[in-house]
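Participant: Structure file start-v9.cif, mmCIF, N, CA, C and O atoms, is pasted below:
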data_work
#
loop_
_atom_site.label_atom_id
_atom_site.label_comp_id
_atom_site.auth_asym_id
_atom_site.auth_seq_id
_atom_site.Cartn_x
_atom_site.Cartn_y
_atom_site.Cartn_z
N SER A 1 -4.15 -3.03 25.01
CA SER A 1 -2.82 -2.52 24.78
C SER A 1 -2.01 -3.55 24.00
O SER A 1 -2.12 -4.75 24.21
N LEU A 2 -1.17 -3.06 23.12
CA LEU A 2 -0.33 -3.93 22.32
C LEU A 2 0.87 -4.40 23.13
O LEU A 2 1.49 -3.61 23.84
N PRO A 3 1.22 -5.69 23.03
CA PRO A 3 2.42 -6.14 23.72
C PRO A 3 3.65 -5.57 23.02
O PRO A 3 3.75 -5.59 21.80
N LEU A 4 4.56 -5.03 23.79
CA LEU A 4 5.77 -4.45 23.22
C LEU A 4 6.89 -5.49 23.27
O LEU A 4 7.12 -6.14 24.28
N LEU A 5 7.54 -5.66 22.14
CA LEU A 5 8.62 -6.63 22.03
C LEU A 5 9.95 -5.89 21.95
O LEU A 5 10.06 -4.85 21.33
N ASP A 6 10.95 -6.47 22.55
CA ASP A 6 12.29 -5.89 22.50
C ASP A 6 12.92 -6.27 21.17
O ASP A 6 13.14 -7.45 20.91
N PRO A 7 13.22 -5.28 20.31
CA PRO A 7 13.75 -5.62 18.99
C PRO A 7 15.16 -6.20 19.02
O PRO A 7 15.58 -6.83 18.07
N LEU A 8 15.90 -6.00 20.09
CA LEU A 8 17.29 -6.45 20.12
C LEU A 8 17.49 -7.77 20.85
O LEU A 8 18.56 -8.35 20.80
N GLY A 9 16.50 -8.23 21.52
CA GLY A 9 16.65 -9.48 22.27
C GLY A 9 15.31 -10.17 22.37
O GLY A 9 14.32 -9.76 21.79
N GLY A 10 15.27 -11.23 23.10
CA GLY A 10 14.03 -11.94 23.30
C GLY A 10 13.59 -12.67 22.04
O GLY A 10 14.40 -13.23 21.31
N VAL A 11 12.30 -12.63 21.77
CA VAL A 11 11.72 -13.38 20.67
C VAL A 11 12.18 -12.85 19.32
O VAL A 11 12.52 -13.62 18.42
N LEU A 12 12.24 -11.54 19.14
CA LEU A 12 12.57 -10.97 17.83
C LEU A 12 14.05 -11.11 17.50
O LEU A 12 14.41 -11.54 16.42
N ASP A 13 14.90 -10.70 18.40
CA ASP A 13 16.35 -10.76 18.21
C ASP A 13 16.76 -10.28 16.82
O ASP A 13 17.41 -10.97 16.05
N LEU A 14 16.35 -9.04 16.49
CA LEU A 14 16.62 -8.47 15.18
C LEU A 14 18.07 -8.01 15.06
O LEU A 14 18.64 -7.47 15.98
N ARG A 15 18.63 -8.20 13.88
CA ARG A 15 19.98 -7.74 13.60
C ARG A 15 20.00 -6.71 12.47
O ARG A 15 20.92 -5.93 12.35
N ASP A 16 18.99 -6.74 11.62
CA ASP A 16 18.91 -5.84 10.48
C ASP A 16 18.58 -4.43 10.97
O ASP A 16 17.58 -4.23 11.68
N PRO A 17 19.39 -3.42 10.62
CA PRO A 17 19.14 -2.05 11.09
C PRO A 17 17.77 -1.51 10.69
O PRO A 17 17.13 -0.82 11.49
N ASP A 18 17.29 -1.84 9.49
CA ASP A 18 15.98 -1.37 9.08
C ASP A 18 14.88 -1.98 9.94
O ASP A 18 13.91 -1.30 10.31
N SER A 19 15.01 -3.26 10.25
CA SER A 19 14.02 -3.93 11.09
C SER A 19 14.02 -3.36 12.50
O SER A 19 12.97 -3.18 13.12
N ILE A 20 15.19 -3.07 13.01
CA ILE A 20 15.29 -2.46 14.34
C ILE A 20 14.62 -1.10 14.35
O ILE A 20 13.88 -0.75 15.27
N GLU A 21 14.86 -0.32 13.29
CA GLU A 21 14.25 1.01 13.19
C GLU A 21 12.73 0.91 13.15
O GLU A 21 12.03 1.66 13.83
N VAL A 22 12.21 -0.04 12.38
CA VAL A 22 10.75 -0.22 12.29
C VAL A 22 10.19 -0.65 13.64
O VAL A 22 9.16 -0.13 14.09
N ALA A 23 10.84 -1.60 14.29
CA ALA A 23 10.36 -2.07 15.59
C ALA A 23 10.37 -0.95 16.62
O ALA A 23 9.45 -0.82 17.43
N THR A 24 11.39 -0.12 16.58
CA THR A 24 11.47 1.01 17.50
C THR A 24 10.36 2.00 17.22
O THR A 24 9.72 2.52 18.15
N ARG A 25 10.08 2.26 15.95
CA ARG A 25 9.00 3.19 15.57
C ARG A 25 7.65 2.65 16.01
O ARG A 25 6.80 3.40 16.49
N VAL A 26 7.43 1.34 15.87
CA VAL A 26 6.18 0.73 16.32
C VAL A 26 6.00 0.92 17.82
O VAL A 26 4.92 1.27 18.30
N ARG A 27 7.09 0.74 18.56
CA ARG A 27 7.03 0.94 20.01
C ARG A 27 6.67 2.39 20.35
O ARG A 27 5.84 2.64 21.21
N GLU A 28 7.29 3.34 19.66
CA GLU A 28 7.00 4.76 19.90
C GLU A 28 5.54 5.08 19.61
O GLU A 28 4.88 5.78 20.38
N LEU A 29 5.03 4.57 18.49
CA LEU A 29 3.63 4.83 18.12
C LEU A 29 2.66 4.19 19.10
O LEU A 29 1.65 4.79 19.46
N ALA A 30 2.96 2.97 19.53
CA ALA A 30 2.10 2.29 20.49
C ALA A 30 2.05 3.05 21.81
O ALA A 30 1.00 3.16 22.43
N THR A 31 3.19 3.60 22.22
CA THR A 31 3.25 4.38 23.45
C THR A 31 2.43 5.65 23.32
O THR A 31 1.68 6.02 24.23
N SER A 32 2.52 6.32 22.18
CA SER A 32 1.80 7.58 22.00
C SER A 32 0.30 7.37 21.81
O SER A 32 -0.50 8.27 22.05
N LEU A 33 -0.12 6.18 21.40
CA LEU A 33 -1.53 5.90 21.18
C LEU A 33 -2.35 6.11 22.44
O LEU A 33 -3.49 6.58 22.38
N GLY A 34 -1.79 5.78 23.58
CA GLY A 34 -2.50 5.95 24.84
C GLY A 34 -2.83 7.40 25.16
O GLY A 34 -3.75 7.69 25.92
N GLY A 35 -2.13 8.35 24.56
CA GLY A 35 -2.39 9.76 24.81
C GLY A 35 -3.54 10.34 24.02
O GLY A 35 -3.97 11.47 24.26
N PHE A 36 -4.06 9.59 23.07
CA PHE A 36 -5.17 10.08 22.25
C PHE A 36 -6.50 9.79 22.94
O PHE A 36 -6.80 8.65 23.27
N VAL A 37 -7.28 10.83 23.12
CA VAL A 37 -8.59 10.70 23.78
C VAL A 37 -9.57 9.95 22.90
O VAL A 37 -10.41 9.20 23.39
N CYS A 38 -9.45 10.11 21.58
CA CYS A 38 -10.43 9.51 20.66
C CYS A 38 -10.48 7.99 20.77
O CYS A 38 -11.52 7.39 20.53
N THR A 39 -9.39 7.36 21.17
CA THR A 39 -9.38 5.90 21.26
C THR A 39 -10.22 5.39 22.43
O THR A 39 -10.57 4.22 22.47
N ARG A 40 -10.57 6.28 23.33
CA ARG A 40 -11.39 5.89 24.49
C ARG A 40 -12.88 6.11 24.24
O ARG A 40 -13.70 5.79 25.09
N SER A 41 -13.23 6.66 23.10
CA SER A 41 -14.62 6.93 22.77
C SER A 41 -15.35 5.61 22.52
O SER A 41 -14.81 4.71 21.88
N PRO A 42 -16.60 5.51 22.97
CA PRO A 42 -17.38 4.30 22.69
C PRO A 42 -17.65 4.13 21.19
O PRO A 42 -17.93 3.04 20.72
N ARG A 43 -17.55 5.21 20.43
CA ARG A 43 -17.79 5.17 18.99
C ARG A 43 -16.52 4.88 18.19
O ARG A 43 -16.57 4.73 16.97
N PHE A 44 -15.38 4.78 18.86
CA PHE A 44 -14.11 4.63 18.15
C PHE A 44 -14.07 3.41 17.24
O PHE A 44 -13.68 3.50 16.08
N THR A 45 -14.49 2.27 17.73
CA THR A 45 -14.44 1.04 16.94
C THR A 45 -15.27 1.17 15.67
O THR A 45 -14.83 0.81 14.58
N ASN A 46 -16.48 1.71 15.82
CA ASN A 46 -17.36 1.88 14.67
C ASN A 46 -16.77 2.88 13.67
O ASN A 46 -16.74 2.64 12.46
N LEU A 47 -16.29 4.01 14.17
CA LEU A 47 -15.72 5.03 13.29
C LEU A 47 -14.46 4.53 12.60
O LEU A 47 -14.24 4.78 11.41
N TYR A 48 -13.64 3.80 13.33
CA TYR A 48 -12.42 3.27 12.72
C TYR A 48 -12.76 2.23 11.65
O TYR A 48 -12.12 2.18 10.61
N SER A 49 -13.77 1.41 11.90
CA SER A 49 -14.20 0.42 10.90
C SER A 49 -14.64 1.12 9.62
O SER A 49 -14.32 0.68 8.51
N GLN A 50 -15.39 2.22 9.77
CA GLN A 50 -15.83 2.98 8.59
C GLN A 50 -14.63 3.57 7.86
O GLN A 50 -14.55 3.53 6.62
N PHE A 51 -13.70 4.12 8.61
CA PHE A 51 -12.50 4.70 8.00
C PHE A 51 -11.69 3.63 7.27
O PHE A 51 -11.25 3.84 6.14
N ALA A 52 -11.52 2.48 7.90
CA ALA A 52 -10.74 1.40 7.29
C ALA A 52 -11.40 0.90 6.01
O ALA A 52 -10.72 0.65 5.01
N ALA A 53 -12.73 0.78 6.02
CA ALA A 53 -13.45 0.34 4.83
C ALA A 53 -13.31 1.37 3.71
O ALA A 53 -13.10 1.01 2.54
N ARG A 54 -13.39 2.64 4.05
CA ARG A 54 -13.24 3.71 3.05
C ARG A 54 -11.81 3.69 2.48
O ARG A 54 -11.61 3.81 1.27
N GLN A 55 -10.83 3.51 3.35
CA GLN A 55 -9.44 3.48 2.90
C GLN A 55 -9.20 2.30 1.98
O GLN A 55 -8.49 2.40 0.98
N GLN A 56 -9.80 1.16 2.28
CA GLN A 56 -9.65 -0.02 1.44
C GLN A 56 -10.25 0.24 0.06
O GLN A 56 -9.65 -0.13 -0.96
N LEU A 57 -11.40 0.90 0.01
CA LEU A 57 -12.01 1.23 -1.28
C LEU A 57 -11.13 2.19 -2.07
O LEU A 57 -10.98 2.06 -3.28
N LEU A 58 -10.55 3.17 -1.39
CA LEU A 58 -9.66 4.11 -2.07
C LEU A 58 -8.42 3.41 -2.62
O LEU A 58 -7.96 3.71 -3.72
N ASP A 59 -7.89 2.46 -1.86
CA ASP A 59 -6.73 1.69 -2.32
C ASP A 59 -7.09 0.85 -3.55
O ASP A 59 -6.32 0.77 -4.51
N GLU A 60 -8.27 0.23 -3.52
CA GLU A 60 -8.72 -0.56 -4.66
C GLU A 60 -8.93 0.32 -5.88
O GLU A 60 -8.57 -0.06 -7.01
N LEU A 61 -9.51 1.50 -5.68
CA LEU A 61 -9.72 2.45 -6.78
C LEU A 61 -8.39 2.85 -7.40
O LEU A 61 -8.24 2.88 -8.63
N GLU A 62 -7.40 3.14 -6.57
CA GLU A 62 -6.08 3.51 -7.06
C GLU A 62 -5.47 2.38 -7.89
O GLU A 62 -4.89 2.62 -8.95
N GLN A 63 -5.61 1.15 -7.41
CA GLN A 63 -5.08 -0.01 -8.13
C GLN A 63 -5.78 -0.18 -9.48
O GLN A 63 -5.14 -0.43 -10.49
N LEU A 64 -7.11 -0.04 -9.50
CA LEU A 64 -7.85 -0.17 -10.75
C LEU A 64 -7.50 0.93 -11.73
O LEU A 64 -7.36 0.69 -12.94
N GLN A 65 -7.32 2.15 -11.23
CA GLN A 65 -6.94 3.25 -12.10
C GLN A 65 -5.56 2.99 -12.71
O GLN A 65 -5.33 3.27 -13.89
N PHE A 66 -4.65 2.43 -11.93
CA PHE A 66 -3.34 2.09 -12.46
C PHE A 66 -3.44 1.01 -13.53
O PHE A 66 -2.80 1.09 -14.57
N GLN A 67 -4.26 0.00 -13.27
CA GLN A 67 -4.40 -1.09 -14.22
C GLN A 67 -4.94 -0.61 -15.57
O GLN A 67 -4.66 -1.19 -16.61
N LEU A 68 -5.73 0.46 -15.55
CA LEU A 68 -6.29 1.01 -16.78
C LEU A 68 -5.38 2.07 -17.41
O LEU A 68 -5.65 2.54 -18.51
N SER A 69 -4.33 2.43 -16.74
CA SER A 69 -3.47 3.51 -17.21
C SER A 69 -2.54 3.05 -18.32
O SER A 69 -2.27 1.87 -18.50
N GLU A 70 -2.05 4.01 -19.09
CA GLU A 70 -1.08 3.75 -20.14
C GLU A 70 0.19 3.12 -19.56
O GLU A 70 0.78 2.23 -20.13
N GLN A 71 0.58 3.58 -18.38
CA GLN A 71 1.79 3.07 -17.74
C GLN A 71 1.66 1.58 -17.46
O GLN A 71 2.58 0.80 -17.70
N SER A 72 0.51 1.15 -16.98
CA SER A 72 0.30 -0.26 -16.70
C SER A 72 0.28 -1.08 -17.98
O SER A 72 0.86 -2.16 -18.05
N LEU A 73 -0.37 -0.55 -19.00
CA LEU A 73 -0.46 -1.28 -20.26
C LEU A 73 0.90 -1.42 -20.93
O LEU A 73 1.14 -2.38 -21.66
N GLN A 74 1.79 -0.50 -20.66
CA GLN A 74 3.13 -0.59 -21.24
C GLN A 74 3.89 -1.80 -20.70
O GLN A 74 4.83 -2.28 -21.32
N LEU A 75 3.47 -2.28 -19.55
CA LEU A 75 4.13 -3.43 -18.95
C LEU A 75 3.71 -4.74 -19.61
O LEU A 75 4.33 -5.77 -19.39
N LEU A 76 2.66 -4.68 -20.40
CA LEU A 76 2.18 -5.89 -21.06
C LEU A 76 2.84 -6.04 -22.42
O LEU A 76 2.70 -5.18 -23.28
N PRO A 77 3.57 -7.13 -22.67
CA PRO A 77 4.27 -7.30 -23.94
C PRO A 77 3.33 -7.34 -25.14
O PRO A 77 3.68 -6.89 -26.22
N ASP A 78 2.13 -7.86 -24.98
CA ASP A 78 1.21 -8.00 -26.10
C ASP A 78 0.49 -6.70 -26.44
O ASP A 78 -0.14 -6.60 -27.49
N TYR A 79 0.56 -5.71 -25.59
CA TYR A 79 -0.18 -4.47 -25.80
C TYR A 79 0.22 -3.80 -27.11
O TYR A 79 -0.64 -3.40 -27.90
N GLY A 80 1.51 -3.70 -27.37
CA GLY A 80 1.97 -3.09 -28.61
C GLY A 80 1.50 -3.84 -29.84
O GLY A 80 1.09 -3.24 -30.84
N ARG A 81 1.52 -5.16 -29.78
CA ARG A 81 1.06 -5.98 -30.91
C ARG A 81 -0.44 -5.78 -31.15
O ARG A 81 -0.88 -5.71 -32.28
N HIS A 82 -1.21 -5.68 -30.08
CA HIS A 82 -2.65 -5.46 -30.23
C HIS A 82 -2.92 -4.12 -30.89
O HIS A 82 -3.83 -4.00 -31.71
N LEU A 83 -2.14 -3.13 -30.52
CA LEU A 83 -2.32 -1.82 -31.14
C LEU A 83 -2.01 -1.90 -32.63
O LEU A 83 -2.72 -1.33 -33.46
N GLN A 84 -0.95 -2.62 -32.99
CA GLN A 84 -0.58 -2.75 -34.40
C GLN A 84 -1.67 -3.47 -35.19
O GLN A 84 -2.04 -3.05 -36.28
N VAL A 85 -2.19 -4.55 -34.64
CA VAL A 85 -3.22 -5.33 -35.32
C VAL A 85 -4.48 -4.48 -35.50
O VAL A 85 -5.13 -4.53 -36.54
N GLY A 86 -4.80 -3.69 -34.51
CA GLY A 86 -6.00 -2.85 -34.58
C GLY A 86 -5.82 -1.62 -35.45
O GLY A 86 -6.77 -0.87 -35.67
N GLY A 87 -4.63 -1.38 -35.95
CA GLY A 87 -4.38 -0.22 -36.79
C GLY A 87 -4.19 1.08 -36.03
O GLY A 87 -4.22 2.15 -36.62
N PHE A 88 -4.01 0.99 -34.73
CA PHE A 88 -3.80 2.18 -33.91
C PHE A 88 -2.31 2.55 -33.92
O PHE A 88 -1.45 1.67 -33.98
N PRO A 89 -2.01 3.84 -33.84
CA PRO A 89 -0.59 4.21 -33.75
C PRO A 89 -0.01 3.76 -32.42
O PRO A 89 -0.66 3.86 -31.38
N VAL A 90 1.17 3.24 -32.46
CA VAL A 90 1.83 2.75 -31.25
C VAL A 90 2.74 3.85 -30.72
O VAL A 90 3.64 4.30 -31.42
N PRO A 91 2.49 4.32 -29.48
CA PRO A 91 3.38 5.33 -28.90
C PRO A 91 4.80 4.79 -28.82
O PRO A 91 5.01 3.60 -28.58
N PRO A 92 5.80 5.65 -29.05
CA PRO A 92 7.19 5.18 -29.04
C PRO A 92 7.64 4.61 -27.70
O PRO A 92 8.60 3.86 -27.63
N SER A 93 6.94 4.93 -26.64
CA SER A 93 7.33 4.44 -25.32
C SER A 93 6.92 2.98 -25.10
O SER A 93 7.32 2.38 -24.12
N ILE A 94 6.12 2.42 -26.01
CA ILE A 94 5.65 1.06 -25.83
C ILE A 94 6.53 0.11 -26.65
O ILE A 94 6.59 0.22 -27.86
N PRO A 95 7.21 -0.81 -25.99
CA PRO A 95 8.05 -1.75 -26.72
C PRO A 95 7.20 -2.74 -27.50
O PRO A 95 6.19 -3.20 -27.01
N ILE A 96 7.62 -3.03 -28.71
CA ILE A 96 6.92 -4.03 -29.52
C ILE A 96 7.86 -5.21 -29.69
O ILE A 96 8.94 -5.08 -30.23
N PHE A 97 7.41 -6.35 -29.19
CA PHE A 97 8.23 -7.55 -29.26
C PHE A 97 7.77 -8.40 -30.44
O PHE A 97 6.58 -8.58 -30.62
N PRO A 98 8.68 -8.91 -31.23
CA PRO A 98 8.29 -9.73 -32.40
C PRO A 98 7.66 -11.05 -31.97
O PRO A 98 7.76 -11.52 -30.93
#
Mind turning this structure into structure tokens?
Facilitator:
Amino acid sequence: SLPLLDPLGGVLDLRDPDSIEVATRVRELATSLGGFVCTRSPRFTNLYSQFAARQQLLDELEQLQFQLSEQSLQLLPDYGRHLQVGGFPVPPSIPIFP
């Protein structure tokens, strides 16, 4: 079981409303976790490990797809210059810095 911390006093002593809201939500989720039967399964740890590994791969795939996207390349100042040097048309959305 996860130790529950008091967001308003004790060790955390949070004052930021967003932090208090997050801490309260964590407490609610931790409390509801005990009601799930699946967490008591002997296979839970193995299945969760598989799920977590799959999720990590999906996150990495999303990041790589972004890095290859036009949107990501627009963030690179040299991208427009490379297009010009290569003789490719430069989309108007890409800033070209001298």
Participant: One decimal, in Å: what's the spacing between CA of Leu73 in chain A and CA of Leu61 in chain A?
Facilitator: 16.8 Å
Participant: In Å to one decimal, how far is atom N of Ser32 in chain A from atom C of Ile20 in chain A?
Facilitator: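 It comes out at 16.2 Å.
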Participant: Suppose you want the space between CA of Val22 in chain A and CA of Asp59 in chain A; what is it in Å?
Facilitator: 22.9 Å
